[in-house]
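A.B. asks: This structure is in structure tokens; I'll ask about it shortly.
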Amino acid sequence: MKTLLWGSVIFGVSFILHLGIWKVRLPKRQTRALLLIFFGSLAAFFVFFLVSASLSLQGCISVGLFVVSLTLAYIITYSAMEVDSPSLVMVNAIAGAGTEGLPKGRFDEMMTDDVLVIPRIKDLLRDGHVYLEGGRYRLTPKGESFIRIFIFYRKLLRAPLRGG
Amino acid sequence: MQGGVFEPLIPVFAFGANVLIQVLSARHIRGLGLLKSIFLGFGAGLLCLLLLEGYAYFIRPRVSADFISAAVADAVTYSALGYGYFHFINLGVTARRIRLLIEVKDSSGLTLEELLSRYNAKEMVSNRLGRLLGSGQVALKDGRYFIGKPVMLLAANAMTALKLLVLGKKSEFD
């Protein structure tokens, strides 16, 4: 019972704290801020458990795993929330046209590089995955390490190298 | 292993089984497809979770309420790990940022025009629209697009509601 109770309390408190901070000011590095809030709350509760001796080592591991797994699931959902997914943009555009449907020509006009691609290139620059030198985009070491993980995994799964 | 850290690590063992079965099935079962391999992996991990919960009860019988609440917590932990893994794979396959990084990596530096000639909205829309039409989420009739099955629309509405709750806006362009 303790894992469910304490795990839910820690995740709930962290989530409310995150919502409160976001209402006041949106952090520049949002994923980093989320990690700090959720894992910081978990660390604070662990100190409380140690001091009050209210949870065993087994209990701490269970609660820790419970909160970490929910946090990672939330952060990966949040990354999809930060930007507009092209598939969802398309579906929303078509739904917005109602029962008359969206003419193909109008649909093509709406789905431009300015909406779907350029903002993601700006994200890569902002996050330090690429840099601009002499008008050319090049990978930073951080970008190189980041992309290697995905290339390795695509090869492992025998998935096509180029997705998107 | 009795008592100790075996019981709290049950969801991690189950998640390990999930990843192992997913990778093996994606690599070796011809024609299975990535999505089905993810479902297969998740199901195998869930089965592993149930077996390990049963074993844990067998080696350390407890009051039913304690056992059930621990099993529910483990199921939540396992499901969250499985959900995260699904999105990790999806990110690697469909994310625009990943595709753009691959294009930059495979070159000695690209101008914006070169980058857009390799990956652009037209290609992206073509890929995704093909999937939406193929799965029946979108229908094309007389040169007009309509919503077909409502699953993607429900997902879009849920995502918009979540964006409004957390970010206070419907779109990144608001």
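Identifiers in the structure tokens: chain A, B, ... in order shown; residue index from 1 per chain; ligand index from 1 in order shown.
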Excluding Val72 (chain B) and its own-chain neighbours fewer than 4 positions away, which residues fall within 8 Å of it when counting only C-alpha atoms? Please give them as an MDAnalysis selection string.
C.D. replies: (chainID A and resid 4) or (chainID B and resid 68 76)
A.B. asks: With a distance cut-off of 12 Å and only C-alpha atoms, select the neighbouring residues of Gly16 (chain B), excluding the residue or stretch itself and same-chain residues fewer than 3 positions from it, and output the selection as a PyMOL selection string.
C.D. replies: chain B and resi 9-13+19-23+41-42+44-46+48-49+78+81-82+85
A.B. asks: When distances are computed from only C-alpha atoms, which of A:Ala44, A:Met110, A:Leu88, A:Ile37 shows the smallest separation from chain B?
C.D. replies: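 Of A:Ala44, A:Met110, A:Leu88, A:Ile37, the one nearest chain B, counting only C-alpha atoms, is A:Leu88.
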A.B. asks: Near Glu123 (chain B), counting only C-alpha atoms, which residues have an atom at most 12 Å away, once you skip same-chain residues fewer than 6 positions from it, shown as a PyMOL selection string?
C.D. replies: (chain A and resi 86+108+111-113+116-117+162-164) or (chain B and resi 96+99+116-117+129-130)
A.B. asks: Could you write those residues out with N, CA and C atoms, as a PDB file, in the first residue's frame?
C.D. replies:
ATOM      1  N   PRO A  86       2.977  17.047 -36.648  1.00  0.00           N
ATOM      2  CA  PRO A  86       2.417  17.229 -37.995  1.00  0.00           C
ATOM      3  C   PRO A  86       1.138  16.429 -38.221  1.00  0.00           C
ATOM      4  N   ASP A 108      -2.696  21.617 -48.894  1.00  0.00           N
ATOM      5  CA  ASP A 108      -1.276  21.742 -49.273  1.00  0.00           C
ATOM      6  C   ASP A 108      -0.728  23.126 -48.932  1.00  0.00           C
ATOM      7  N   MET A 111       0.254  23.308 -45.129  1.00  0.00           N
ATOM      8  CA  MET A 111       1.362  22.483 -44.617  1.00  0.00           C
ATOM      9  C   MET A 111       2.689  22.924 -45.245  1.00  0.00           C
ATOM     10  N   THR A 112       3.263  23.978 -44.711  1.00  0.00           N
ATOM     11  CA  THR A 112       4.477  24.541 -45.301  1.00  0.00           C
ATOM     12  C   THR A 112       5.715  24.251 -44.448  1.00  0.00           C
ATOM     13  N   ASP A 113       6.887  24.494 -45.034  1.00  0.00           N
ATOM     14  CA  ASP A 113       8.143  24.358 -44.285  1.00  0.00           C
ATOM     15  C   ASP A 113       8.170  25.298 -43.078  1.00  0.00           C
ATOM     16  N   LEU A 116       6.086  23.448 -40.434  1.00  0.00           N
ATOM     17  CA  LEU A 116       6.435  22.076 -40.033  1.00  0.00           C
ATOM     18  C   LEU A 116       7.934  21.797 -39.864  1.00  0.00           C
ATOM     19  N   VAL A 117       8.793  22.531 -40.567  1.00  0.00           N
ATOM     20  CA  VAL A 117      10.221  22.180 -40.517  1.00  0.00           C
ATOM     21  C   VAL A 117      11.093  23.258 -39.853  1.00  0.00           C
ATOM     22  N   ARG A 162      16.109   6.439 -42.447  1.00  0.00           N
ATOM     23  CA  ARG A 162      15.500   7.764 -42.532  1.00  0.00           C
ATOM     24  C   ARG A 162      13.994   7.665 -42.266  1.00  0.00           C
ATOM     25  N   GLY A 163      13.587   8.319 -41.198  1.00  0.00           N
ATOM     26  CA  GLY A 163      12.162   8.326 -40.883  1.00  0.00           C
ATOM     27  C   GLY A 163      11.590   9.702 -41.123  1.00  0.00           C
ATOM     28  N   GLY A 164      10.759  10.148 -40.160  1.00  0.00           N
ATOM     29  CA  GLY A 164      10.170  11.487 -40.249  1.00  0.00           C
ATOM     30  C   GLY A 164       8.833  11.454 -40.944  1.00  0.00           C
TER      31      GLY A 164
ATOM     32  N   ARG B  96      10.799  14.751 -36.375  1.00  0.00           N
ATOM     33  CA  ARG B  96      11.450  15.599 -37.377  1.00  0.00           C
ATOM     34  C   ARG B  96      12.867  15.964 -36.969  1.00  0.00           C
ATOM     35  N   ARG B  99      15.264  13.192 -37.815  1.00  0.00           N
ATOM     36  CA  ARG B  99      15.517  13.108 -39.257  1.00  0.00           C
ATOM     37  C   ARG B  99      16.464  14.239 -39.709  1.00  0.00           C
ATOM     38  N   LEU B 116      16.502  21.725 -46.598  1.00  0.00           N
ATOM     39  CA  LEU B 116      15.087  21.631 -46.998  1.00  0.00           C
ATOM     40  C   LEU B 116      14.897  20.834 -48.288  1.00  0.00           C
ATOM     41  N   SER B 117      15.976  20.755 -49.091  1.00  0.00           N
ATOM     42  CA  SER B 117      15.833  19.932 -50.300  1.00  0.00           C
ATOM     43  C   SER B 117      15.890  18.444 -49.930  1.00  0.00           C
ATOM     44  N   LEU B 129       0.507  11.585 -44.366  1.00  0.00           N
ATOM     45  CA  LEU B 129      -0.827  11.503 -44.955  1.00  0.00           C
ATOM     46  C   LEU B 129      -1.067  10.098 -45.496  1.00  0.00           C
ATOM     47  N   GLY B 130      -0.011   9.502 -46.054  1.00  0.00           N
ATOM     48  CA  GLY B 130      -0.106   8.126 -46.547  1.00  0.00           C
ATOM     49  C   GLY B 130      -0.517   7.191 -45.427  1.00  0.00           C
TER      50      GLY B 130
END
A.B. asks: For Val63 (chain A), work out the shell of residues within 12 Å, counting only C-alpha atoms and skipping chain neighbours fewer than 4 positions away, then give it as number ranges by chain.
C.D. replies: A: 1-11, 42-43, 45-46, 49, 55-59, 67-70; B: 8-9, 11, 70, 73-74, 76-77
A.B. asks: Between CA of Gly40 (chain A) and CA of Val13 (chain A), what is the spacing in Å?
C.D. replies: 11.2 Å
A.B. asks: Check the smallest atom-to-atom distance from each of A:Ile16, A:Leu102, A:Met81, A:Ala53 to Leu164 (chain B) using only C-alpha atoms, then report the winner.
C.D. replies: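 When distances to Leu164 (chain B) are compared using only C-alpha atoms, the smallest one comes from A:Met81.
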A.B. asks: Which residue gives the smallest distance to Ile94 (chain A) among A:Leu17, A:Leu156, A:Phe107, A:Pro119, with only C-alpha atoms counted?
C.D. replies: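 Of A:Leu17, A:Leu156, A:Phe107, A:Pro119, the one nearest Ile94 (chain A) is A:Phe107, counting only C-alpha atoms.
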A.B. asks: May I ask for the distance between CA of Gly96 (chain A) and CA of Asn157 (chain B), given in Å to one decimal place?
C.D. replies: 11.8 Å
A.B. asks: Contacts of region 141-152 of chain B at 6 Å or less, counting only C-alpha atoms, minus same-chain residues fewer than 6 places along, as a VMD selection string?
C.D. replies: chain A and resid 101 to 104
A.B. asks: With distances taken over only C-alpha atoms, which residue among A:Arg106, A:His18, A:Arg138, A:His129 lies nearest chain B?
C.D. replies: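 Comparing A:Arg106, A:His18, A:Arg138, A:His129 against chain B, the winner is A:Arg138.
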A.B. asks: Nearest residue to chain A out of B:Thr94, B:Ser79, B:Ser107, B:Asn18, using only C-alpha atoms?
C.D. replies: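 Distance minimum relative to chain A lands on B:Thr94.
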A.B. asks: Report, in Å to a single decimal, how far apart CA of Ile38 (chain B) and CA of Leu100 (chain B) are.
C.D. replies: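 These two atoms are separated by 24.8 Å.
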